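For reference, the structure discussed in these notes is given below.
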Amino acid sequence: MMQNTDIAVIGAGPAGANAALTAARHSLSVTLLDEQPTAGGQVWRAKSTAILDAPNTPETVAGSRLRQEIDDSLVTHIGAARIWQIERSEKGWNLYVLRQGRSEVLHARALIIATGAREFVQPAPGWTTPGVLGLAGATALFKQEMTLPGKRTIVSGTGPLVFFVASEIRRLGGEVAAIITPNSRGDWLRCLPAMVSRPDLLLRGARWIADLILGGIPIWWRHAVTRVEGQTQVASIEFRKLTADWSPTGPARRVEGDSLCLGNGLLPATEAAQLAGLWLEYSLQLGGWVPCQVADGGTDIGGLFLCGDGTGIRGAAAAEIHGRLAGLSAVQHLGADTRAERDRLRAAFHRAARFGMAMTSLGIPRPGLLRLTTDETIVCRCESLSRTDIAAEISSGAGSTNAVKSGLRAGMGPCGGKFCQTTVARMIAETEGCTEADVPPPTPRPPLRPVPVAALAGDFRYSELPIPKPAPL
Amino acid sequence: MTKIYDIAIVGGGIMGCASALRMAEGGMQPIVLDQGDLGQGASGANAGTLSLQIKRVRLMPYALKGHHEWEAMGEAVGFHKTGGFTLAFTEREAALLHERQTLKAEAGAPITFASDRQIREAEPGLTRKVLAASYCPEDGYANSSLTGQYFRRRLRDAGIPYRERCPVSAADPAKEGFNLTTPDGSVHARRLLLAAGAWLRPVAALLGVELPVQARINTVSVTERLPPLVSTVIGHATGLLTMKQKSNGTVLIGGGWQGRGTPQEGRGHVMAESVQPNLALAQYALPALANARILRSWTGFEANVPDFYPLAGALPGVENAFVLGCVRGGFTIGPYIGKLMGDFIMGREPQLPLFDPARSFDEETT
């Protein structure tokens, strides 16, 4: 089945799907791969068949339109496919794809990586209690299954996502107990000039907030959840006011609820780009460590292109255009002149990016946020390591994320460090008196996702084992 | 007045750190410099196998001593003496196994040949396709990823200064020894020990010496935590498989399958076409691995010279400079040969002879 393609695209969200569609219009064979069975990514996730009749939202409309465009195009869309390894070859790229329990290889002349973002949650006491889920994770529940996190939900976090989640819970008939956000009204006011660049998106956000205020939902500006209470399920949470640097201060308040949606902004998912050979650079404005990149989705590695939130958090609107730019750059690499087309897109990309980055700025963590993670709070879920465990390793001289990983296994569990590494890096920076930009994430390792041995072994015949020259005796 | 150390050790792996500790015990003032973190090169990336069955005949006395060193380090490095089986699945492999393990037994390793029944009783999870096997009760493993943590603490306890993420970019002869240029400023030392593993060639080049060091790029993979499947260290007559289940339940799979890349690039790359047969062989030997998920594969650079014997002695042509590395089975032997090297530098007679780096490498003796 999969063998050769001109362009392979990893990730079928707004960025990757648009990159694929754009490239396919230039008479190149394009293969679009995604872990999800249907295209749309996290933001435009498809409704499951059980809820097809549910009312549409701007996300479902955009997603349906995108899926239709892919169906109508010459793009080969392969869903439910996990890339586990990326290798450069003389002719381009070899992608090792896990599909239906088997590993297959796809050869591509050019590769576009559009792996999107993942959520950062600053660990606080009790954050691993059942009933706590990420803000972004909650949106996946709404979009795909229209399921609510609970009966009475507390929604807490930075940026616009906290208002979107609260507003969706209410639309789907759930109760929002409170909204708690580290951002102040002033933080939002400072974003206004940038937000005016996309009045459509600004208006949508204003509607969420108006709806919440009219609904009488308490909004606690410049506050954060400092403790989650409950044994087998969330029962209540404690929250406190934050100082200007986001350190918790003043007396704790309490609100009851059976669920908590919690998030502290998005982080670019960079592992695939790293595996393809790119180094990372730190950009506070783009949400942290991002792959080294040049204009229009290009990179310093020939035949390798990037787009969307995986290159820096600019939001879905920018990702669509970034995807088109990266698709055109890949087409240019394979021989056609796309400069004029890219010139026409660039201004719109910058406008959308300006809006998205203003939203990203609301999530930029301030130093005090680390204080939410108390000594006994679990930081590494896979190995059940508390902040105290990790602090002890750092103070005994482990001055890099690799060293903490080696010594404690923080980052060696099934999650591959996706939950803990940002917190570990910030702890190292605080201890060493440097910034997060001085503490790179650990060396990426394949497979990108856990893969069963049998899938990798394939149809092994012992007689075909390549026996090398015996080792020197 | 700038501080002048008695010796600067370039490379904070097992060998560099073990030498530093030995010399500090002898009253010298060493400093250890590493371009990355301590123990993050081959010392921390290898599969941690401590097996006499895969050691070279001539290095067996060193390996036996090395095993004692690891046993003494014990829990702090995750040491476990489990015994180990080396398996043969074909007549050809059985013949190879018999020939080679007999020689290793004669060299002092307590290796015996195991019966079918012995294997089945000890390792019921192994495939029934085993045709022949050897057994060594001394075999086991340590947790290589703890190497950095362990030696960092040992250096601290011994009061030996070390600098991590501190590559040496120039080494110039000075009035008293050497002046090393690093991002943290100059380091002055009367003597120099190069213990930089796969990076020995560029480091020696700073002193105008060309060492014929090359690197193999060995791949290691690890599974998620699993219920007990195997209790000893498993090897293969061809050397294409090493496997052990650690006390936390993860299974570590190696066997010298080659990745791609050079030490100069900073890191090696796992190659799917190499790791896939490695894992297939592991599953062939231990069928229950089929459903286990692989969480990570990585590579480590194993340095060697053309005759595959260590570089351990004076650096040719540079007074007061020494080199230690390229030890086949370096994880096992490293802590011991590091001590020998320390003794040699301090002018003492090493317990076992070292390996003169000035020897001729023209003839490949395999």
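Numbering starts fresh at 1 for the residues of each chain in the structure tokens, the chains themselves are lettered A, B, ... in the order given, and ligands are numbered from 1 as they appear.
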What lies within 10 Å of Ala317 of chain A using only C-alpha atoms, ignoring chain neighbours under 6 positions off, as number ranges by chain?
A: 14-15, 198, 201, 308, 348-349, 351-353, 355-356
Can those selected residues be exported to a file as an mmCIF file, in the first residue's frame so that it contains N, CA, C and O atoms?
data_model
loop_
_atom_site.group_PDB
_atom_site.id
_atom_site.type_symbol
_atom_site.label_atom_id
_atom_site.label_comp_id
_atom_site.auth_asym_id
_atom_site.auth_seq_id
_atom_site.Cartn_x
_atom_site.Cartn_y
_atom_site.Cartn_z
ATOM 1 N N PRO A 14 -5.436 21.818 11.127
ATOM 2 C CA PRO A 14 -5.552 22.936 10.176
ATOM 3 C C PRO A 14 -4.271 23.167 9.387
ATOM 4 O O PRO A 14 -4.332 23.438 8.183
ATOM 5 N N ALA A 15 -3.113 23.038 10.010
ATOM 6 C CA ALA A 15 -1.856 23.310 9.316
ATOM 7 C C ALA A 15 -1.540 22.198 8.324
ATOM 8 O O ALA A 15 -1.384 22.444 7.122
ATOM 9 N N ARG A 198 -7.949 40.516 14.092
ATOM 10 C CA ARG A 198 -8.919 39.508 13.667
ATOM 11 C C ARG A 198 -10.242 39.755 14.397
ATOM 12 O O ARG A 198 -10.574 39.064 15.355
ATOM 13 N N LEU A 201 -12.527 36.806 15.368
ATOM 14 C CA LEU A 201 -12.160 35.981 16.510
ATOM 15 C C LEU A 201 -12.382 36.740 17.819
ATOM 16 O O LEU A 201 -12.795 36.167 18.837
ATOM 17 N N GLY A 308 2.249 25.191 11.544
ATOM 18 C CA GLY A 308 1.261 25.087 12.611
ATOM 19 C C GLY A 308 1.844 25.265 14.003
ATOM 20 O O GLY A 308 2.976 25.715 14.171
ATOM 21 N N ALA A 348 -1.569 37.857 5.437
ATOM 22 C CA ALA A 348 -2.671 37.252 6.192
ATOM 23 C C ALA A 348 -2.134 36.369 7.308
ATOM 24 O O ALA A 348 -2.687 36.319 8.411
ATOM 25 N N PHE A 349 -1.034 35.651 7.000
ATOM 26 C CA PHE A 349 -0.423 34.811 8.032
ATOM 27 C C PHE A 349 0.023 35.666 9.216
ATOM 28 O O PHE A 349 -0.262 35.358 10.374
ATOM 29 N N ARG A 351 -1.038 38.550 10.169
ATOM 30 C CA ARG A 351 -2.190 39.096 10.879
ATOM 31 C C ARG A 351 -2.771 38.048 11.839
ATOM 32 O O ARG A 351 -2.991 38.307 13.012
ATOM 33 N N ALA A 352 -2.961 36.862 11.313
ATOM 34 C CA ALA A 352 -3.510 35.798 12.158
ATOM 35 C C ALA A 352 -2.528 35.426 13.264
ATOM 36 O O ALA A 352 -2.919 35.164 14.403
ATOM 37 N N ALA A 353 -1.243 35.417 12.911
ATOM 38 C CA ALA A 353 -0.231 35.054 13.905
ATOM 39 C C ALA A 353 -0.185 36.086 15.024
ATOM 40 O O ALA A 353 0.014 35.744 16.190
ATOM 41 N N PHE A 355 -2.645 37.787 16.201
ATOM 42 C CA PHE A 355 -3.752 37.483 17.102
ATOM 43 C C PHE A 355 -3.399 36.271 17.973
ATOM 44 O O PHE A 355 -3.506 36.296 19.202
ATOM 45 N N GLY A 356 -2.951 35.220 17.320
ATOM 46 C CA GLY A 356 -2.657 33.978 18.045
ATOM 47 C C GLY A 356 -1.577 34.164 19.095
ATOM 48 O O GLY A 356 -1.667 33.634 20.204
#
May I have the residues of chain A within 7 Å of chain B, counting only C-alpha atoms, written as a list in words?
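Result, ordered by chain then number: Ala403, Ser406, Gly407, Pro414, Arg445, Pro446, Pro447, Pro450, Val451, Pro452, Val453, Ala454, Leu456, Ala457, Phe460, Pro470, Pro472 and Leu473 of chain A.
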May I have the selected residues written with N, CA and C atoms, as a compact mmCIF listing (two decimals), in the first residue's frame?
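Result file selection08.txt:
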# COMPACT_ATOMS: atom_id res chain seq x y z
N ALA A 403 20.16 14.77 32.83
CA ALA A 403 20.74 14.22 34.06
C ALA A 403 19.64 13.82 35.03
N SER A 406 18.13 10.61 33.71
CA SER A 406 18.96 9.43 33.96
C SER A 406 18.91 9.00 35.41
N GLY A 407 18.99 9.95 36.29
CA GLY A 407 19.09 9.62 37.70
C GLY A 407 17.78 9.14 38.31
N PRO A 414 5.97 5.77 30.22
CA PRO A 414 5.19 5.72 28.98
C PRO A 414 4.90 7.09 28.35
N ARG A 445 13.98 10.56 21.72
CA ARG A 445 14.26 9.17 21.36
C ARG A 445 13.07 8.59 20.62
N PRO A 446 13.34 7.81 19.59
CA PRO A 446 12.25 7.04 19.00
C PRO A 446 11.91 5.86 19.89
N PRO A 447 10.77 5.23 19.77
CA PRO A 447 9.67 5.60 18.90
C PRO A 447 8.90 6.82 19.43
N PRO A 450 4.75 4.76 22.03
CA PRO A 450 5.06 3.36 22.35
C PRO A 450 4.54 2.42 21.26
N VAL A 451 5.36 1.44 20.89
CA VAL A 451 5.00 0.51 19.81
C VAL A 451 5.21 -0.92 20.29
N PRO A 452 4.25 -1.82 20.08
CA PRO A 452 4.44 -3.21 20.51
C PRO A 452 5.59 -3.88 19.76
N VAL A 453 6.33 -4.72 20.47
CA VAL A 453 7.45 -5.43 19.86
C VAL A 453 6.99 -6.20 18.62
N ALA A 454 5.84 -6.87 18.71
CA ALA A 454 5.39 -7.70 17.58
C ALA A 454 5.20 -6.87 16.32
N LEU A 456 6.89 -4.23 15.51
CA LEU A 456 8.20 -3.89 14.96
C LEU A 456 8.88 -5.13 14.39
N ALA A 457 8.65 -6.26 15.03
CA ALA A 457 9.31 -7.50 14.58
C ALA A 457 8.77 -7.92 13.22
N PHE A 460 9.25 -12.03 10.96
CA PHE A 460 10.67 -12.33 11.14
C PHE A 460 10.94 -13.79 10.82
N PRO A 470 32.06 -12.56 13.68
CA PRO A 470 32.07 -12.67 15.14
C PRO A 470 32.94 -11.58 15.77
N PRO A 472 35.72 -9.77 18.05
CA PRO A 472 37.09 -10.23 18.31
C PRO A 472 37.14 -11.06 19.59
N LEU A 473 37.83 -12.18 19.51
CA LEU A 473 37.84 -13.12 20.63
C LEU A 473 38.79 -12.65 21.72
Fewer than 2 positions away in the same chain doesn't count, so skip those; otherwise give me all residues within 8 Å of Arg82 of chain A, counting only C-alpha atoms, as a PDB file with N, CA and C atoms, in the first residue's frame.
ATOM      1  N   LEU A  33      -0.912  11.975   6.897  1.00  0.00           N
ATOM      2  CA  LEU A  33      -0.997  10.948   7.941  1.00  0.00           C
ATOM      3  C   LEU A  33      -1.436  11.573   9.259  1.00  0.00           C
ATOM      4  N   ASP A  34      -2.267  10.865  10.006  1.00  0.00           N
ATOM      5  CA  ASP A  34      -2.663  11.370  11.318  1.00  0.00           C
ATOM      6  C   ASP A  34      -3.031  10.211  12.237  1.00  0.00           C
ATOM      7  N   GLU A  35      -2.837  10.442  13.525  1.00  0.00           N
ATOM      8  CA  GLU A  35      -3.202   9.417  14.514  1.00  0.00           C
ATOM      9  C   GLU A  35      -4.701   9.218  14.595  1.00  0.00           C
ATOM     10  N   ALA A  80      -5.689   7.014  11.557  1.00  0.00           N
ATOM     11  CA  ALA A  80      -5.323   5.956  12.508  1.00  0.00           C
ATOM     12  C   ALA A  80      -3.932   5.417  12.226  1.00  0.00           C
ATOM     13  N   TRP A  84       6.260   6.264  14.019  1.00  0.00           N
ATOM     14  CA  TRP A  84       7.117   5.969  15.178  1.00  0.00           C
ATOM     15  C   TRP A  84       8.567   6.317  14.948  1.00  0.00           C
ATOM     16  N   VAL A  97       5.580   3.825   9.857  1.00  0.00           N
ATOM     17  CA  VAL A  97       4.199   4.103  10.261  1.00  0.00           C
ATOM     18  C   VAL A  97       3.586   2.844  10.856  1.00  0.00           C
ATOM     19  N   LEU A  98       2.977   2.988  12.014  1.00  0.00           N
ATOM     20  CA  LEU A  98       2.267   1.877  12.637  1.00  0.00           C
ATOM     21  C   LEU A  98       0.795   1.993  12.275  1.00  0.00           C
ATOM     22  N   ARG A  99       0.287   0.947  11.634  1.00  0.00           N
ATOM     23  CA  ARG A  99      -1.084   0.996  11.161  1.00  0.00           C
ATOM     24  C   ARG A  99      -1.669  -0.396  11.238  1.00  0.00           C
ATOM     25  N   ARG A 449       5.858   7.213  19.635  1.00  0.00           N
ATOM     26  CA  ARG A 449       4.798   6.700  20.503  1.00  0.00           C
ATOM     27  C   ARG A 449       5.181   5.267  20.861  1.00  0.00           C
TER      28      ARG A 449
END
Show which residues sit within 12 Å of Pro160 of chain A, as a ChimeraX atom specification. Count only C-alpha atoms, and ignore same-chain residues fewer than 2 positions away.
/A:135-136,155-158,162-167,179,181-183,187-188,191,195,201-202,204-209,263-266,315,355-363
Rounded to one decimal, what separation in Å do you get between atom CA of Phe305 of chain A and atom CA of Asp343 of chain A?
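If I compute the distance from atom CA of Phe305 of chain A to atom CA of Asp343 of chain A, I get 17.3 Å.
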Rounded to one decimal place, report the atom CA of Gly197 of chain B-atom CA of Gly11 of chain B distance in Å.
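Going from atom CA of Gly197 of chain B over to atom CA of Gly11 of chain B covers 7.4 Å.
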Could you pull out the strand (DSSP E) residues of segment 226-359 of chain B from DSSP and send them as a PyMOL selection string?
chain B and resi 233-236+242-245+251-254+293-304+311-314+321-325
Give me the residues near Gly268 of chain B as a list of chain:residue names, where near means some atom within 8 Å (using only C-alpha atoms) and where sequence neighbours in that chain fewer than 4 positions away do not count.
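Near neighbours after the sequence-gap exclusion: B:Ile217, B:Gly259, B:Arg260, B:Gly261, B:Thr262, B:Pro263, B:Trp298, B:Thr299, B:Gly300, B:Phe301.
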Taking N, CA and C atoms for each residue, export the selection above as a CSV table (one decimal), in the first residue's frame.
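Once everything was written out, this is out08.csv:
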chain,number,residue,atom,x,y,z
B,217,ILE,N,28.2,2.3,16.8
B,217,ILE,CA,27.0,3.1,17.2
B,217,ILE,C,26.0,2.0,17.7
B,259,GLY,N,23.4,2.0,14.7
B,259,GLY,CA,22.7,3.2,14.3
B,259,GLY,C,23.6,3.9,13.3
B,260,ARG,N,23.3,5.2,13.2
B,260,ARG,CA,24.0,6.0,12.2
B,260,ARG,C,24.4,7.3,12.9
B,261,GLY,N,25.5,7.9,12.4
B,261,GLY,CA,25.9,9.2,13.0
B,261,GLY,C,27.3,9.1,13.4
B,262,THR,N,27.9,10.3,13.8
B,262,THR,CA,29.2,10.3,14.3
B,262,THR,C,29.3,11.1,15.6
B,263,PRO,N,30.3,10.8,16.5
B,263,PRO,CA,30.4,11.5,17.7
B,263,PRO,C,30.4,13.0,17.6
B,298,TRP,N,17.7,4.0,21.7
B,298,TRP,CA,18.7,5.0,21.7
B,298,TRP,C,20.0,4.4,21.3
B,299,THR,N,21.0,5.3,21.0
B,299,THR,CA,22.3,4.8,20.6
B,299,THR,C,23.4,5.3,21.6
B,300,GLY,N,24.5,4.6,21.6
B,300,GLY,CA,25.7,5.0,22.4
B,300,GLY,C,26.9,4.7,21.5
B,301,PHE,N,27.9,5.6,21.6
B,301,PHE,CA,29.1,5.4,20.8
B,301,PHE,C,30.1,4.5,21.6
Near segment 337-344 of chain B, within 9 Å and counting only C-alpha atoms, which residues show up once chain neighbours fewer than 6 positions away are dropped, as a PyMOL selection string?
chain B and resi 14-24+26+62+65-66+312-313+322-324+327+330+350-354
Go ahead and save the residues from that selection, with C-alpha atoms, as a PDB file, in the first residue's frame.
ATOM      1  CA  ILE B  14      33.262   5.758  34.208  1.00  0.00           C
ATOM      2  CA  MET B  15      36.952   5.606  33.348  1.00  0.00           C
ATOM      3  CA  GLY B  16      37.681   9.300  33.833  1.00  0.00           C
ATOM      4  CA  CYS B  17      35.848   9.406  37.158  1.00  0.00           C
ATOM      5  CA  ALA B  18      37.360   6.145  38.436  1.00  0.00           C
ATOM      6  CA  SER B  19      40.850   7.436  37.619  1.00  0.00           C
ATOM      7  CA  ALA B  20      40.126  10.753  39.322  1.00  0.00           C
ATOM      8  CA  LEU B  21      38.930   8.999  42.472  1.00  0.00           C
ATOM      9  CA  ARG B  22      42.021   6.785  42.548  1.00  0.00           C
ATOM     10  CA  MET B  23      44.377   9.724  42.151  1.00  0.00           C
ATOM     11  CA  ALA B  24      42.572  11.770  44.784  1.00  0.00           C
ATOM     12  CA  GLY B  26      46.654   8.950  46.373  1.00  0.00           C
ATOM     13  CA  TYR B  62      40.293  -7.259  33.957  1.00  0.00           C
ATOM     14  CA  LYS B  65      38.115  -7.492  38.622  1.00  0.00           C
ATOM     15  CA  GLY B  66      35.569  -5.192  37.021  1.00  0.00           C
ATOM     16  CA  ALA B 312      45.685   2.898  28.418  1.00  0.00           C
ATOM     17  CA  GLY B 313      48.987   4.629  29.070  1.00  0.00           C
ATOM     18  CA  PHE B 322      47.874  10.179  29.217  1.00  0.00           C
ATOM     19  CA  VAL B 323      45.015   8.463  27.501  1.00  0.00           C
ATOM     20  CA  LEU B 324      42.461   5.890  28.630  1.00  0.00           C
ATOM     21  CA  VAL B 327      38.138  -0.716  26.209  1.00  0.00           C
ATOM     22  CA  GLY B 330      34.338  -0.836  28.906  1.00  0.00           C
ATOM     23  CA  PRO B 350      49.549  -1.305  38.189  1.00  0.00           C
ATOM     24  CA  GLN B 351      48.177  -4.617  39.447  1.00  0.00           C
ATOM     25  CA  LEU B 352      47.694  -5.783  35.842  1.00  0.00           C
ATOM     26  CA  PRO B 353      49.550  -4.437  32.808  1.00  0.00           C
ATOM     27  CA  LEU B 354      48.164  -1.500  30.825  1.00  0.00           C
TER      28      LEU B 354
END
Report as a list in words all protein, DNA and RNA residues lying within 8 Å of segment 168-183 of chain B, evaluated on only C-alpha atoms, omitting residues in the same chain fewer than 3 positions from it.
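The residues that qualify are Val10, Leu33, Gln35, Ser186, Val187, His188, Ala189, Arg190, Arg191, Leu192, Val203, Leu206, Leu207 and Asn320 of chain B.
If you look at atom CA of Arg240 of chain A and atom CA of Arg222 of chain A, they are 8.8 Å away from each other.
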Of the residues A:Ser395, A:Thr57, A:Thr31, A:Thr422, which is the one nearest to Trp289 of chain A, using only C-alpha atoms?
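Closest residue, counting only C-alpha atoms: A:Thr422.
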Which of A:Pro367, A:Pro291, A:Gly137, A:Gly79 sits closest to Gln122 of chain A [using only C-alpha atoms]
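Of A:Pro367, A:Pro291, A:Gly137, A:Gly79, the one nearest Gln122 of chain A is A:Pro367, counting only C-alpha atoms.
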